[in-house]
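Data file: query13.txt. Format and content: compact mmCIF, C-alpha atoms.
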# COMPACT_ATOMS: atom_id res chain seq x y z
CA MET K 1 26.31 -14.48 -5.78
CA ALA K 2 26.56 -13.86 -2.06
CA SER K 3 24.97 -16.54 0.07
CA LEU K 4 21.65 -15.09 1.06
CA LYS K 5 19.04 -16.64 3.29
CA PHE K 6 15.74 -14.85 2.88
CA LEU K 7 12.80 -14.50 5.22
CA VAL K 8 9.64 -13.70 3.27
CA VAL K 9 6.94 -12.22 5.50
CA ASP K 10 3.43 -11.91 4.07
CA ASP K 11 0.01 -12.95 5.35
CA SER K 12 -1.11 -13.91 1.86
CA PRO K 13 -0.03 -17.49 1.06
CA THR K 14 -0.35 -16.65 -2.64
CA MET K 15 2.00 -13.70 -2.29
CA ARG K 16 4.51 -15.70 -0.26
CA ARG K 17 4.51 -18.34 -2.96
CA ILE K 18 4.97 -15.74 -5.69
CA VAL K 19 7.88 -14.04 -3.89
CA PHE K 20 9.34 -17.49 -3.16
CA ASN K 21 9.13 -18.44 -6.85
CA THR K 22 10.58 -15.12 -7.96
CA LEU K 23 13.53 -15.42 -5.57
CA LYS K 24 14.18 -18.96 -6.77
CA ARG K 25 14.06 -17.74 -10.33
CA LEU K 26 16.64 -15.11 -9.41
CA GLY K 27 18.87 -17.91 -8.16
CA TYR K 28 18.24 -17.77 -4.42
CA VAL K 29 17.54 -21.11 -2.83
CA GLU K 30 17.44 -20.49 0.90
CA ILE K 31 14.05 -19.02 1.63
CA GLU K 32 12.09 -19.11 4.87
CA GLU K 33 8.53 -17.85 5.28
CA ALA K 34 6.42 -16.21 7.98
CA GLU K 35 2.77 -15.15 8.01
CA GLN K 36 3.18 -12.01 10.07
CA GLY K 37 5.64 -9.91 12.07
CA ALA K 38 5.60 -11.82 15.34
CA GLU K 39 6.21 -15.13 13.56
CA ALA K 40 8.99 -13.47 11.57
CA LEU K 41 10.72 -12.35 14.78
CA ASP K 42 10.46 -15.90 16.14
CA LYS K 43 11.96 -17.32 12.95
CA LEU K 44 14.79 -14.80 13.00
CA LYS K 45 15.64 -15.97 16.51
CA THR K 46 15.22 -19.70 15.89
CA ILE K 47 16.44 -20.23 12.32
CA PRO K 48 20.13 -19.47 11.99
CA GLY K 49 21.57 -17.60 9.04
CA ILE K 50 18.67 -15.46 7.88
CA ASN K 51 20.34 -12.39 6.43
CA PHE K 52 17.69 -10.68 4.30
CA VAL K 53 14.06 -9.84 5.12
CA VAL K 54 11.38 -9.20 2.50
CA THR K 55 8.24 -8.05 4.25
CA ASP K 56 4.72 -6.91 3.47
CA TRP K 57 3.26 -4.00 5.47
CA ASN K 58 -0.39 -4.93 6.04
CA MET K 59 -0.58 -8.06 8.14
CA PRO K 60 -2.61 -9.17 11.16
CA VAL K 61 -1.12 -9.60 14.66
CA MET K 62 2.10 -7.66 13.91
CA ASP K 63 2.32 -5.53 10.78
CA GLY K 64 5.40 -5.00 8.68
CA LEU K 65 6.19 -1.54 10.01
CA THR K 66 6.22 -2.82 13.61
CA LEU K 67 8.38 -5.74 12.48
CA VAL K 68 10.89 -3.32 10.96
CA GLN K 69 10.94 -1.25 14.16
CA GLU K 70 11.41 -4.39 16.29
CA ILE K 71 14.24 -5.65 14.10
CA ARG K 72 16.00 -2.28 14.17
CA LYS K 73 15.65 -2.20 17.98
CA SER K 74 17.16 -5.65 18.45
CA ALA K 75 20.89 -5.81 19.03
CA GLU K 76 21.26 -9.05 17.13
CA PHE K 77 19.39 -8.22 13.92
CA SER K 78 19.51 -4.44 13.71
CA LYS K 79 21.77 -4.47 10.63
CA ILE K 80 19.79 -7.01 8.61
CA PRO K 81 18.67 -5.66 5.21
CA ILE K 82 14.92 -5.17 4.95
CA LEU K 83 12.99 -4.78 1.73
CA MET K 84 9.35 -3.79 2.08
CA VAL K 85 6.98 -5.09 -0.62
CA THR K 86 3.55 -3.59 -0.16
CA THR K 87 0.50 -2.15 -1.90
CA ARG K 88 0.84 1.07 0.10
CA SER K 89 1.94 3.91 -2.13
CA VAL K 90 0.94 6.95 -0.08
CA LYS K 91 3.91 9.25 0.42
CA ASP K 92 3.50 9.54 4.20
CA ASP K 93 3.56 5.74 4.49
CA ILE K 94 6.71 5.49 2.40
CA ILE K 95 8.45 8.13 4.53
CA GLU K 96 7.29 6.34 7.69
CA ALA K 97 8.77 3.07 6.43
CA MET K 98 11.96 4.85 5.49
CA LYS K 99 12.23 6.39 8.96
CA ALA K 100 11.51 2.99 10.55
CA GLY K 101 14.57 1.66 8.78
CA VAL K 102 13.59 -0.21 5.62
CA ASN K 103 16.47 -0.33 3.14
CA ASN K 104 14.24 -0.21 0.09
CA TYR K 105 10.60 -0.20 -0.87
CA ILE K 106 8.62 -1.88 -3.65
CA VAL K 107 4.99 -1.22 -4.52
CA LYS K 108 2.92 -4.26 -5.51
CA PRO K 109 2.38 -5.57 -8.08
CA PHE K 110 6.06 -5.89 -8.83
CA THR K 111 8.07 -7.44 -11.62
CA PRO K 112 10.96 -9.86 -11.02
CA GLU K 113 13.24 -7.20 -12.52
CA VAL K 114 12.22 -4.68 -9.87
CA LEU K 115 12.76 -7.22 -7.08
CA LYS K 116 16.18 -8.09 -8.44
CA ALA K 117 17.08 -4.41 -8.81
CA LYS K 118 16.19 -3.63 -5.22
CA ILE K 119 18.01 -6.67 -3.77
CA ASP K 120 21.10 -5.78 -5.82
CA ALA K 121 20.84 -2.14 -4.75
CA ILE K 122 20.68 -3.09 -1.08
CA LEU K 123 23.56 -5.55 -1.35
CA SER K 124 25.73 -3.10 -3.23
CA LYS K 125 25.65 -0.61 -0.36
CA MET D 1 -61.95 12.97 17.46
CA PRO D 2 -60.37 13.06 14.01
CA GLU D 3 -59.04 16.60 14.41
CA GLU D 4 -57.41 15.76 17.72
CA LYS D 5 -55.60 12.83 16.12
CA ASN D 6 -53.66 15.30 14.02
CA ARG D 7 -52.57 17.39 16.95
CA GLY D 8 -49.70 15.20 18.08
CA VAL D 9 -48.84 13.51 21.34
CA ILE D 10 -46.92 16.42 22.86
CA THR D 11 -49.80 18.88 22.33
CA LEU D 12 -52.23 16.42 23.84
CA ILE D 13 -50.02 15.84 26.86
CA GLU D 14 -49.59 19.58 27.30
CA GLU D 15 -53.36 20.03 27.23
CA LEU D 16 -53.73 17.18 29.67
CA ILE D 17 -51.36 18.87 32.10
CA SER D 18 -53.14 22.17 31.67
CA ASP D 19 -56.56 20.51 32.23
CA LEU D 20 -55.33 18.77 35.34
CA ASN D 21 -53.93 22.04 36.65
CA SER D 22 -57.20 23.83 36.10
CA LEU D 23 -59.03 20.93 37.77
CA VAL D 24 -56.80 21.26 40.79
CA SER D 25 -57.34 25.00 40.92
CA GLU D 26 -61.12 24.45 40.75
CA ILE D 27 -61.19 21.73 43.37
CA GLU D 28 -59.12 23.69 45.81
CA PRO D 29 -61.64 26.52 46.47
CA ILE D 30 -64.51 23.99 46.74
CA ILE D 31 -62.71 22.10 49.41
CA GLU D 32 -61.95 25.32 51.14
CA GLN D 33 -65.58 26.51 50.93
CA GLN D 34 -67.03 24.62 53.88
CA ASN D 35 -70.26 26.62 53.77
CA SER D 36 -71.27 26.11 50.18
CA ASP D 37 -74.68 24.57 49.56
CA VAL D 38 -75.28 21.12 48.17
CA SER D 39 -76.54 22.26 44.74
CA THR D 40 -73.47 24.37 44.15
CA VAL D 41 -71.28 21.42 45.09
CA LYS D 42 -73.30 19.12 42.80
CA ASN D 43 -72.94 21.53 39.91
CA HIS D 44 -69.26 21.69 40.50
CA ILE D 45 -68.97 17.92 40.71
CA ASP D 46 -70.93 17.54 37.43
CA PHE D 47 -68.66 20.05 35.82
CA LEU D 48 -65.60 18.26 37.15
CA LEU D 49 -66.96 14.94 35.98
CA LYS D 50 -67.32 16.31 32.45
CA LYS D 51 -63.78 17.61 32.57
CA MET D 52 -62.49 14.30 33.93
CA THR D 53 -64.25 12.42 31.14
CA ASN D 54 -62.64 14.72 28.62
CA VAL D 55 -59.24 14.19 30.23
CA THR D 56 -59.74 10.41 30.16
CA SER D 57 -60.56 10.45 26.46
CA LYS D 58 -57.51 12.59 25.75
CA THR D 59 -55.38 10.23 27.82
CA THR D 60 -56.71 7.26 25.87
CA LEU D 61 -55.96 9.04 22.63
CA THR D 62 -52.46 9.89 23.87
CA TYR D 63 -51.93 6.27 24.89
CA ASN D 64 -53.05 5.05 21.47
CA LEU D 65 -50.75 7.51 19.73
CA ILE D 66 -47.78 6.51 21.88
CA GLN D 67 -48.62 2.85 21.28
CA SER D 68 -48.64 3.39 17.53
CA VAL D 69 -45.27 5.21 17.77
CA ILE D 70 -43.87 2.26 19.77
CA ASN D 71 -45.23 -0.20 17.17
CA SER D 72 -43.66 1.82 14.41
CA ILE D 73 -40.28 1.95 16.20
CA HIS D 74 -40.52 -1.76 16.96
CA SER D 75 -41.18 -2.64 13.33
CA SER D 76 -38.37 -0.30 12.19
CA ARG D 77 -35.99 -2.00 14.62
CA LYS D 78 -37.14 -5.40 13.42
CA GLU D 79 -36.50 -4.39 9.80
CA LEU D 80 -33.15 -2.90 10.78
CA LYS D 81 -32.15 -6.15 12.46
CA GLN D 82 -33.36 -8.18 9.52
CA SER D 83 -31.26 -6.02 7.19
CA VAL D 84 -28.22 -6.46 9.42
CA ASP D 85 -28.71 -10.19 10.02
CA GLY D 86 -29.81 -10.94 6.50
CA LEU D 87 -28.44 -8.59 3.88
CA LEU D 88 -25.25 -7.37 5.52
CA LYS D 89 -24.25 -10.71 6.99
CA LYS D 90 -24.94 -12.55 3.73
CA THR D 91 -22.96 -9.95 1.78
CA GLY D 92 -20.06 -10.27 4.23
CA VAL D 93 -20.05 -14.06 3.94
CA GLN D 94 -20.27 -13.73 0.15
CA LEU D 95 -17.25 -11.41 0.08
CA GLN D 96 -15.25 -13.90 2.15
CA LYS D 97 -16.28 -16.65 -0.25
CA ILE D 98 -14.91 -14.62 -3.18
CA THR D 99 -11.54 -14.30 -1.44
CA THR D 100 -11.45 -18.01 -0.58
CA THR D 101 -12.46 -19.01 -4.10
CA THR D 102 -9.88 -16.79 -5.83
CA GLU D 103 -7.21 -17.94 -3.38
CA GLU D 104 -7.98 -21.58 -4.09
CA ALA D 105 -8.06 -20.98 -7.84
CA THR D 106 -4.83 -18.96 -7.71
CA ASN D 107 -3.08 -21.72 -5.79
CA LYS D 108 -4.24 -24.27 -8.35
CA ILE D 109 -2.89 -22.07 -11.15
CA LEU D 110 0.36 -21.71 -9.19
CA ASP D 111 0.54 -25.52 -8.89
CA VAL D 112 0.21 -25.83 -12.65
CA ALA D 113 2.70 -23.04 -13.38
CA GLU D 114 5.26 -24.50 -10.95
CA LYS D 115 4.76 -27.96 -12.49
CA LEU D 116 5.20 -26.47 -15.95
CA ASP D 117 8.44 -24.87 -14.80
CA SER D 118 9.82 -28.08 -13.32
CA GLU D 119 8.74 -30.08 -16.41
CA GLN D 120 10.58 -27.60 -18.61
CA ASN D 121 13.69 -28.11 -16.47
CA LEU D 122 13.36 -31.87 -16.97
CA ILE D 123 13.02 -31.41 -20.71
CA ILE D 124 16.18 -29.28 -20.74
CA GLN D 125 17.99 -32.00 -18.77
CA LEU D 126 16.81 -34.68 -21.20
CA LEU D 127 17.84 -32.59 -24.17
CA ASP D 128 21.28 -32.10 -22.67
CA GLU D 129 21.55 -35.86 -22.13
CA ILE D 130 20.68 -36.46 -25.78
CA LYS D 131 23.35 -33.97 -26.76
CA THR D 132 26.00 -35.74 -24.70
CA THR D 133 25.08 -39.27 -25.75
CA THR D 134 24.53 -38.60 -29.42
CA LYS D 135 27.23 -36.61 -31.13
CA SER D 136 25.82 -34.86 -34.12
CA ASP D 137 26.06 -31.23 -35.21
CA VAL D 138 22.62 -31.32 -36.78
CA LEU D 139 21.15 -32.81 -33.64
CA ASP D 140 22.94 -30.26 -31.46
CA GLU D 141 21.47 -27.47 -33.51
CA LYS D 142 17.98 -28.91 -33.21
CA VAL D 143 18.40 -29.50 -29.49
CA GLU D 144 19.44 -25.88 -28.97
CA GLU D 145 16.42 -24.77 -31.00
CA ILE D 146 14.11 -26.87 -28.84
CA LYS D 147 15.78 -25.57 -25.67
CA LYS D 148 15.08 -22.01 -26.77
CA LYS D 149 11.41 -22.88 -27.16
CA VAL D 150 11.43 -24.56 -23.77
CA TYR D 151 12.92 -21.46 -22.16
CA THR D 152 10.22 -19.35 -23.79
CA ASN D 153 7.60 -21.66 -22.30
CA GLN D 154 9.31 -21.41 -18.93
CA ASP D 155 9.20 -17.60 -19.15
CA SER D 156 5.49 -17.83 -19.91
CA ALA D 157 4.99 -20.00 -16.82
CA PHE D 158 6.82 -17.38 -14.75
CA THR D 159 4.75 -14.59 -16.27
CA ILE D 160 1.60 -16.46 -15.18
CA ILE D 161 3.03 -16.59 -11.64
CA ASP D 162 3.75 -12.82 -11.75
CA TYR D 163 0.21 -12.06 -12.87
CA LEU D 164 -1.21 -13.99 -9.94
CA GLN D 165 -0.33 -11.08 -7.65
CA PHE D 166 -3.79 -9.85 -8.60
CA GLN D 167 -5.19 -12.27 -5.99
CA ASP D 168 -3.42 -10.59 -3.06
CA ILE D 169 -4.46 -7.15 -4.28
CA THR D 170 -8.12 -8.01 -4.91
CA ALA D 171 -8.22 -9.84 -1.57
CA GLN D 172 -7.15 -6.58 0.12
CA GLN D 173 -9.79 -4.64 -1.80
CA ILE D 174 -12.40 -7.18 -0.75
CA SER D 175 -11.23 -6.92 2.87
CA GLY D 176 -11.74 -3.15 2.56
CA ALA D 177 -15.32 -3.66 1.37
CA TYR D 178 -15.90 -6.21 4.14
CA SER D 179 -14.58 -3.81 6.73
CA LEU D 180 -16.92 -1.03 5.49
CA LEU D 181 -19.80 -3.47 5.69
CA SER D 182 -18.78 -4.47 9.19
CA ASP D 183 -18.63 -0.79 10.26
CA THR D 184 -22.08 -0.19 8.75
CA GLU D 185 -23.39 -3.21 10.61
CA ARG D 186 -22.02 -1.96 13.91
CA THR D 187 -23.58 1.49 13.37
CA LEU D 188 -26.95 -0.04 12.53
CA LEU D 189 -26.79 -2.35 15.53
CA TYR D 190 -25.92 0.64 17.73
CA VAL D 191 -28.99 2.51 16.44
CA SER D 192 -31.03 -0.65 16.89
CA ASN D 193 -29.81 -1.01 20.47
CA LEU D 194 -30.82 2.57 21.23
CA LEU D 195 -34.36 1.49 20.36
CA LYS D 196 -34.19 -1.73 22.41
CA GLU D 197 -36.62 -0.37 25.03
CA PHE D 198 -39.33 -0.49 22.40
CA ASP D 199 -39.05 -4.26 21.90
CA LEU D 200 -42.29 -6.13 22.43
CA GLY D 201 -40.75 -9.10 24.16
CA ASP D 202 -39.80 -10.88 20.94
CA SER D 203 -36.20 -9.78 20.66
CA THR D 204 -33.89 -12.16 18.85
CA PRO D 205 -30.18 -12.57 19.46
CA GLU D 206 -28.01 -10.18 17.46
CA PHE D 207 -25.34 -11.44 15.10
CA THR D 208 -22.32 -9.50 14.07
CA LEU D 209 -19.89 -10.11 11.27
CA PRO D 210 -16.57 -11.38 12.59
CA GLU D 211 -14.20 -8.45 13.18
CA ILE D 212 -11.43 -7.91 10.69
CA ASP D 213 -8.00 -6.56 11.63
CA LYS D 214 -7.74 -3.22 9.84
CA ASN D 215 -3.95 -3.50 9.78
CA ALA D 216 -4.23 -6.66 7.73
CA PHE D 217 -5.20 -5.02 4.46
CA ASN D 218 -4.92 -1.91 2.36
CA ALA D 219 -8.33 -1.05 0.92
CA ASP D 220 -6.67 1.34 -1.56
CA ALA D 221 -4.61 -1.43 -3.15
CA LEU D 222 -4.68 -1.26 -6.94
CA PHE D 223 -3.58 -3.78 -9.55
CA ASN D 224 -1.99 -1.56 -12.15
CA ASP D 225 1.35 -0.52 -13.51
CA LYS D 226 3.48 0.76 -10.63
CA ALA D 227 6.58 1.64 -12.68
CA GLY D 228 5.93 5.41 -12.50
CA ILE D 229 5.26 5.51 -8.78
CA GLN D 230 8.12 3.07 -8.15
CA ASN D 231 10.50 5.52 -9.85
CA LEU D 232 9.36 8.29 -7.53
CA ILE D 233 9.79 6.03 -4.50
CA ASP D 234 13.26 5.13 -5.71
CA ASP D 235 14.08 8.83 -5.94
CA LEU D 236 12.79 9.35 -2.42
CA PHE D 237 14.93 6.50 -1.04
CA GLU D 238 17.97 7.50 -3.01
CA THR D 239 17.97 11.20 -2.26
CA GLY D 240 16.10 11.23 1.05
CA ASP D 241 14.32 14.26 -0.38
CA THR D 242 10.85 14.14 1.19
CA SER D 243 9.63 17.01 -0.96
CA ILE D 244 9.37 14.65 -3.94
CA ASP D 245 5.75 14.61 -5.03
CA ILE D 246 4.18 11.16 -4.93
CA PRO D 247 0.54 11.17 -6.15
CA THR D 248 -1.92 10.10 -3.48
CA GLN D 249 -3.93 8.02 -5.89
CA GLU D 250 -2.21 5.84 -8.41
CA HIS D 251 -4.56 6.94 -11.19
CA GLU D 252 -3.38 10.52 -10.75
CA LEU D 253 -0.17 9.39 -12.33
CA LYS D 254 -0.60 10.36 -15.93
CA LEU D 255 0.24 7.86 -18.60
CA LYS D 256 3.01 10.11 -19.95
CA ASP D 257 4.78 9.70 -16.63
CA LEU D 258 4.87 5.93 -16.95
CA PRO D 259 8.22 4.67 -18.13
CA THR D 260 6.98 1.87 -20.38
CA THR D 261 7.40 3.07 -23.96
CA HIS D 262 4.47 1.09 -25.33
CA SER D 263 2.02 2.38 -22.76
CA ASN D 264 0.33 4.82 -25.11
CA GLU D 265 -0.31 2.23 -27.77
CA VAL D 266 -1.69 -0.19 -25.23
CA LYS D 267 -3.85 2.49 -23.67
CA GLN D 268 -5.50 3.38 -26.95
CA ASP D 269 -6.83 -0.15 -27.19
CA SER D 270 -7.97 -0.21 -23.62
CA ASN D 271 -11.25 1.07 -22.26
CA ASP D 272 -10.10 1.04 -18.67
CA ASP D 273 -8.23 4.18 -17.71
CA ASP D 274 -6.83 2.72 -14.51
CA PHE D 275 -5.63 -0.56 -15.84
CA ASP D 276 -2.71 -1.26 -18.09
CA ILE D 277 -1.86 -4.90 -17.56
CA ASP D 278 0.33 -5.18 -20.66
CA ALA D 279 2.47 -2.32 -19.44
CA LEU D 280 2.83 -4.10 -16.11
CA PHE D 281 4.67 -7.08 -17.49
CA ASN D 282 5.82 -5.59 -20.74
CA ASN D 283 9.00 -7.18 -22.03
CA ASN D 284 10.50 -3.73 -22.44
CA ALA D 285 10.22 -3.24 -18.71
CA LYS D 286 13.67 -4.82 -18.44
CA GLU D 287 15.16 -1.98 -20.43
CA GLU D 288 13.24 0.59 -18.45
CA GLU D 289 14.29 -1.00 -15.21
CA LYS D 290 17.87 -0.94 -16.42
CA THR D 291 17.54 2.79 -16.87
CA ASN D 292 16.08 3.10 -13.41
CA GLN D 293 18.89 0.97 -12.02
CA ASP D 294 21.41 3.34 -13.49
CA GLU D 295 19.77 6.15 -11.59
CA ILE D 296 19.53 3.99 -8.47
CA ASP D 297 23.19 3.04 -8.69
CA LYS D 298 24.13 6.70 -9.00
CA LEU D 299 22.09 7.71 -6.02
CA PHE D 300 22.77 4.72 -3.78
CA SER D 301 26.49 4.62 -4.49
Rewritten as structure tokens:
Amino acid sequence: MASLKFLVVDDSPTMRRIVFNTLKRLGYVEIEEAEQGAEALDKLKTIPGINFVVTDWNMPVMDGLTLVQEIRKSAEFSKIPILMVTTRSVKDDIIEAMKAGVNNYIVKPFTPEVLKAKIDAILSK
Amino acid sequence: MPEEKNRGVITLIEELISDLNSLVSEIEPIIEQQNSDVSTVKNHIDFLLKKMTNVTSKTTLTYNLIQSVINSIHSSRKELKQSVDGLLKKTGVQLQKITTTTEEATNKILDVAEKLDSEQNLIIQLLDEIKTTTKSDVLDEKVEEIKKKVYTNQDSAFTIIDYLQFQDITAQQISGAYSLLSDTERTLLYVSNLLKEFDLGDSTPEFTLPEIDKNAFNADALFNDKAGIQNLIDDLFETGDTSIDIPTQEHELKLKDLPTTHSNEVKQDSNDDDFDIDALFNNNAKEEEKTNQDEIDKLFS
């Protein structure tokens, strides 16, 4: 398994914990967390080695879509894989996220199998 | 003047204006008539006096009517404010309490599930130690049997963790309700403020529910099986074909479209058309996901 260091971005502590547990169950051990987009950007800059972002959409301060746009704009992190995990399932939203640059998209609630499938799909590209 | 009471403030004021105009038009010629005799002037003054008395009584009636309208507006505003400060605020606080309570409970359940998981790992370790220290085929067999059971328990602990996603989703739904309440409060306070001029000097400070960031939640969040919609999203990402139809509301996705093979059986036992929790974490989902992965691999390759 490739050495992945995740950044899980979600304003819900419960959800962060669930994603954290699921990733650990899938065998990933390096997992950082952020409550919202702005904090995620800070962590990307200050914690070395983060190479995969799993982000929610609806968050206070800076939402997930803005975070994706900011990451894609930055020279340093523009290529980082981003998986969006959100409750939003409206087609226009999904297309917006796609255009913003998310690599894949999961609608909550998700199963560990779906999370694994999407991570594998992103890594296989 | 019971009849006049039913005529309304505007009519009375219009009559008042008309009476005053006619008074002016009557006074004017008298003033101009320097040569008129005293009795004519007296008659006129008596007549004017009568008219003035009538005008005064109409004015008093108008004043009383306006006063009663003001009182009515004042009491409506007071009730409006009481509803906002009491009912709406209490409901808002109550909604926040629900979120806090479920979050606390969910975290406690997560603590237990995580502890269960780590205990199972310890048991596996201990069993492996027994296997290494005591060489016996029978024992090995039993140890492997126990380990299988332990893994099953561990899976159950993980399933509990998966189910706890409900907390995030219900919290977003609650935030949606809170936000609606907050909007209603603001509208009512706006209406109340429009009527502020009618306060009788006993105005109380206005409270508003703390604002909620509308980007922080999705009020349409639903806790149900997303396999069907996830397949459509996968197709969209894989093909880039934006003409793929994704239902606006999750419940519009018919059960036959859901990939879980046992969905129909589960649904028959369920009274809730929107909720199929068994399908969500059905063991067969692995197989279904495998099928989806095949499609994904094809399209993403």
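When only C-alpha atoms are used to compute distances to chain D, the closest of the residues K:Lys99, K:Arg88, K:Lys24, K:Lys43 turns out to be K:Arg88.
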| task | Would you give me, as a PyMOL selection string, the residues of chain K that come within 8 Å of chain D, using all atoms listed in the file? | result | chain K and resi 11-12+14-15+18+21+58-60+63+87-91+94-95+98+104-114+117+121+124-125
Restricted to C-alpha atoms, what would the selected residues look like written as a PDB file, in the coordinates of the input?
ATOM      1  CA  ASP K  11       0.010 -12.950   5.350  1.00  0.00           C
ATOM      2  CA  SER K  12      -1.110 -13.910   1.860  1.00  0.00           C
ATOM      3  CA  THR K  14      -0.350 -16.650  -2.640  1.00  0.00           C
ATOM      4  CA  MET K  15       2.000 -13.700  -2.290  1.00  0.00           C
ATOM      5  CA  ILE K  18       4.970 -15.740  -5.690  1.00  0.00           C
ATOM      6  CA  ASN K  21       9.130 -18.440  -6.850  1.00  0.00           C
ATOM      7  CA  ASN K  58      -0.390  -4.930   6.040  1.00  0.00           C
ATOM      8  CA  MET K  59      -0.580  -8.060   8.140  1.00  0.00           C
ATOM      9  CA  PRO K  60      -2.610  -9.170  11.160  1.00  0.00           C
ATOM     10  CA  ASP K  63       2.320  -5.530  10.780  1.00  0.00           C
ATOM     11  CA  THR K  87       0.500  -2.150  -1.900  1.00  0.00           C
ATOM     12  CA  ARG K  88       0.840   1.070   0.100  1.00  0.00           C
ATOM     13  CA  SER K  89       1.940   3.910  -2.130  1.00  0.00           C
ATOM     14  CA  VAL K  90       0.940   6.950  -0.080  1.00  0.00           C
ATOM     15  CA  LYS K  91       3.910   9.250   0.420  1.00  0.00           C
ATOM     16  CA  ILE K  94       6.710   5.490   2.400  1.00  0.00           C
ATOM     17  CA  ILE K  95       8.450   8.130   4.530  1.00  0.00           C
ATOM     18  CA  MET K  98      11.960   4.850   5.490  1.00  0.00           C
ATOM     19  CA  ASN K 104      14.240  -0.210   0.090  1.00  0.00           C
ATOM     20  CA  TYR K 105      10.600  -0.200  -0.870  1.00  0.00           C
ATOM     21  CA  ILE K 106       8.620  -1.880  -3.650  1.00  0.00           C
ATOM     22  CA  VAL K 107       4.990  -1.220  -4.520  1.00  0.00           C
ATOM     23  CA  LYS K 108       2.920  -4.260  -5.510  1.00  0.00           C
ATOM     24  CA  PRO K 109       2.380  -5.570  -8.080  1.00  0.00           C
ATOM     25  CA  PHE K 110       6.060  -5.890  -8.830  1.00  0.00           C
ATOM     26  CA  THR K 111       8.070  -7.440 -11.620  1.00  0.00           C
ATOM     27  CA  PRO K 112      10.960  -9.860 -11.020  1.00  0.00           C
ATOM     28  CA  GLU K 113      13.240  -7.200 -12.520  1.00  0.00           C
ATOM     29  CA  VAL K 114      12.220  -4.680  -9.870  1.00  0.00           C
ATOM     30  CA  ALA K 117      17.080  -4.410  -8.810  1.00  0.00           C
ATOM     31  CA  ALA K 121      20.840  -2.140  -4.750  1.00  0.00           C
ATOM     32  CA  SER K 124      25.730  -3.100  -3.230  1.00  0.00           C
ATOM     33  CA  LYS K 125      25.650  -0.610  -0.360  1.00  0.00           C
TER      34      LYS K 125
END
| said: Rounded to one decimal, what separation in Å do you get between CA of Thr100 in chain D and CA of Leu88 in chain D? | reply: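 Value for the CA of Thr100 in chain D-CA of Leu88 in chain D distance: 18.5 Å.
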| query | What lies within 10 Å of Gly49 in chain K using only C-alpha atoms, ignoring chain neighbours under 3 positions off, as a ChimeraX atom specification? | reply | /K:3-6,30,44-46,52
| said: Let me make sure I understand: among D:Lys78, D:Asn21, D:Leu48, D:Ser83, which one has the smallest atom-to-atom distance to Thr184 in chain D if we use all atoms listed in the file? | reply: D:Ser83
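For the atom pair formed by CA of Val93 in chain D and CA of Glu211 in chain D, the distance is 12.3 Å, given to one decimal.
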| task | Can you work out which one of D:Ile70, D:Leu122, D:Leu139, D:Leu95 has the shortest atom-to-atom distance to Gln173 in chain D, counting all atoms listed in the file? | result |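 Between D:Ile70, D:Leu122, D:Leu139, D:Leu95, the residue approaching Gln173 in chain D most closely is D:Leu95.
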| What is the distance between CA of Val54 in chain K and CA of Ala75 in chain K, in Å to one decimal? | 19.4 Å
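Using all atoms listed in the file, the contacts of Ile124 in chain D at a cut-off of 10 Å, with sequence neighbours closer than 2 positions omitted, comprise Ser118, Glu119, Gln120, Asn121, Leu122, Leu126, Leu127, Asp128, Glu129, Ile130, Val143, Glu144, Ile146, Lys147, Lys148, Val150 and Tyr151 of chain D.
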| For Glu79 in chain D, which residue among D:Asp235, D:Leu188, D:Val41, D:Lys50 is the nearest when counting all atoms listed in the file? |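 Checking each of D:Asp235, D:Leu188, D:Val41, D:Lys50 against Glu79 in chain D, counting all atoms listed in the file, the winner is D:Leu188.
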